[in-house]
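Chemist: Got a structure for you, questions after.
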Amino acid sequence: MARTYLRIDIVSDVVCPWCVIGFKRLQQALAKFPGQFDPNLVWHPFELNPQMPEAGENLREHMIAKYQISPEESTESRERLKEIGSSLGFTFNFSDGMRIYNTNHAHRLLHWAEPTGHQTDLQVRLFEDYFTHGKNLNHERVLLDAVDSVGLNRDEASAALHDSAIKRQTLAREEQLLMQGIRGVPLFMFNHDYAISGAEETSVFESQLQQFVEPSS
């Protein structure tokens, strides 16, 4: 049986925990339809903190100030994310010293990686580098190590990081998404039409995918 081609565009930031959760739930939903789909995942840039300084900020302090929550609420949120992540096979390792970084360089690499067929692999590796291993995603060596790990060319990636055209293209895509009214992530679009906003439960993704299942003859 021929598989149904399905393009899934995902708008996300690499330091967004709910983007990880949404992606994992999408994966779970796709697994409910073995052999049904030929999914093509395309990731698009969204910076939660485009003005973040190069050195980053303490994540705990940043979240408390940005969302006007108490330290206790911050702790509760982290524990909830850890539990959800664990149920989906992903490890969130939060600590009081964890920092949040500017993600523009990471998005440039993801933009460069799109035509290689390894963009999703790189996205997942960056999620793990940040949330599981606490790495600085604004550090060039960290980014190039991630590129190495998914089988992409390190030298080409290094050139891409310093390519002014790729920088302009990435920023232009971000601006385009903002002009389309996208103000939060994750966002999942199916075949350029149907969309799911947020890290919905796996059942929501299943219902969306069911619409693309070809009826049995």
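By convention in this document, the chains of the structure tokens carry letters A, B, ... by their order, each chain's residues are numbered from 1, and ligands are numbered from 1 in the order they are shown.
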Can you tell me which residues surround segment 184-194 of chain A at a distance of at most 6 Å, considering only C-alpha atoms, apart from same-chain residues fewer than 6 positions away, and format the answer as a VMD selection string?

Modeler: chain A and resid 7 to 12 19

Chemist: Env of Met98 of chain A: 12 Å cut, atoms = only C-alpha atoms, seq-sep filter 5 positions within chain, self excluded. Answer as a PyMOL selection string.

Modeler: chain A and resi 15+56-63+78+92-93+130-136

Chemist: Produce a file of the selected residues containing C-alpha atoms, as a PDB file, in the first residue's frame.

Modeler:
ATOM      1  CA  VAL A  15      14.585  26.429  24.169  1.00  0.00           C
ATOM      2  CA  GLY A  56      22.048  34.531  28.292  1.00  0.00           C
ATOM      3  CA  GLU A  57      20.157  34.789  31.573  1.00  0.00           C
ATOM      4  CA  ASN A  58      19.420  32.558  34.522  1.00  0.00           C
ATOM      5  CA  LEU A  59      16.437  30.505  33.381  1.00  0.00           C
ATOM      6  CA  ARG A  60      14.637  30.442  36.718  1.00  0.00           C
ATOM      7  CA  GLU A  61      14.975  34.207  37.229  1.00  0.00           C
ATOM      8  CA  HIS A  62      14.002  34.844  33.608  1.00  0.00           C
ATOM      9  CA  MET A  63      10.799  32.796  33.849  1.00  0.00           C
ATOM     10  CA  ARG A  78       9.484  22.379  36.217  1.00  0.00           C
ATOM     11  CA  PHE A  92      14.243  17.444  31.223  1.00  0.00           C
ATOM     12  CA  ASN A  93      17.091  18.247  33.615  1.00  0.00           C
ATOM     13  CA  TYR A 130      19.767  22.128  25.937  1.00  0.00           C
ATOM     14  CA  PHE A 131      17.148  20.457  28.099  1.00  0.00           C
ATOM     15  CA  THR A 132      18.905  17.202  28.956  1.00  0.00           C
ATOM     16  CA  HIS A 133      22.558  18.265  29.007  1.00  0.00           C
ATOM     17  CA  GLY A 134      22.280  21.994  29.763  1.00  0.00           C
ATOM     18  CA  LYS A 135      24.522  23.101  26.898  1.00  0.00           C
ATOM     19  CA  ASN A 136      24.856  26.650  25.585  1.00  0.00           C
TER      20      ASN A 136
END

Chemist: Could you jot down the atom CA of Gln123 of chain A to atom CA of Phe23 of chain A separation for me, Å, one decimal place?

Modeler: 10.4 Å

Chemist: Could you name the residues that touch segment 104-121 of chain A at 9 Å or less, counting only C-alpha atoms, but leaving out those on the same chain fewer than 2 positions away, as a ChimeraX atom specification?

Modeler: /A:13-14,41-47,50,102,123-126,137-140,143,147,150-152,157-158,160-161,166-167,169-171
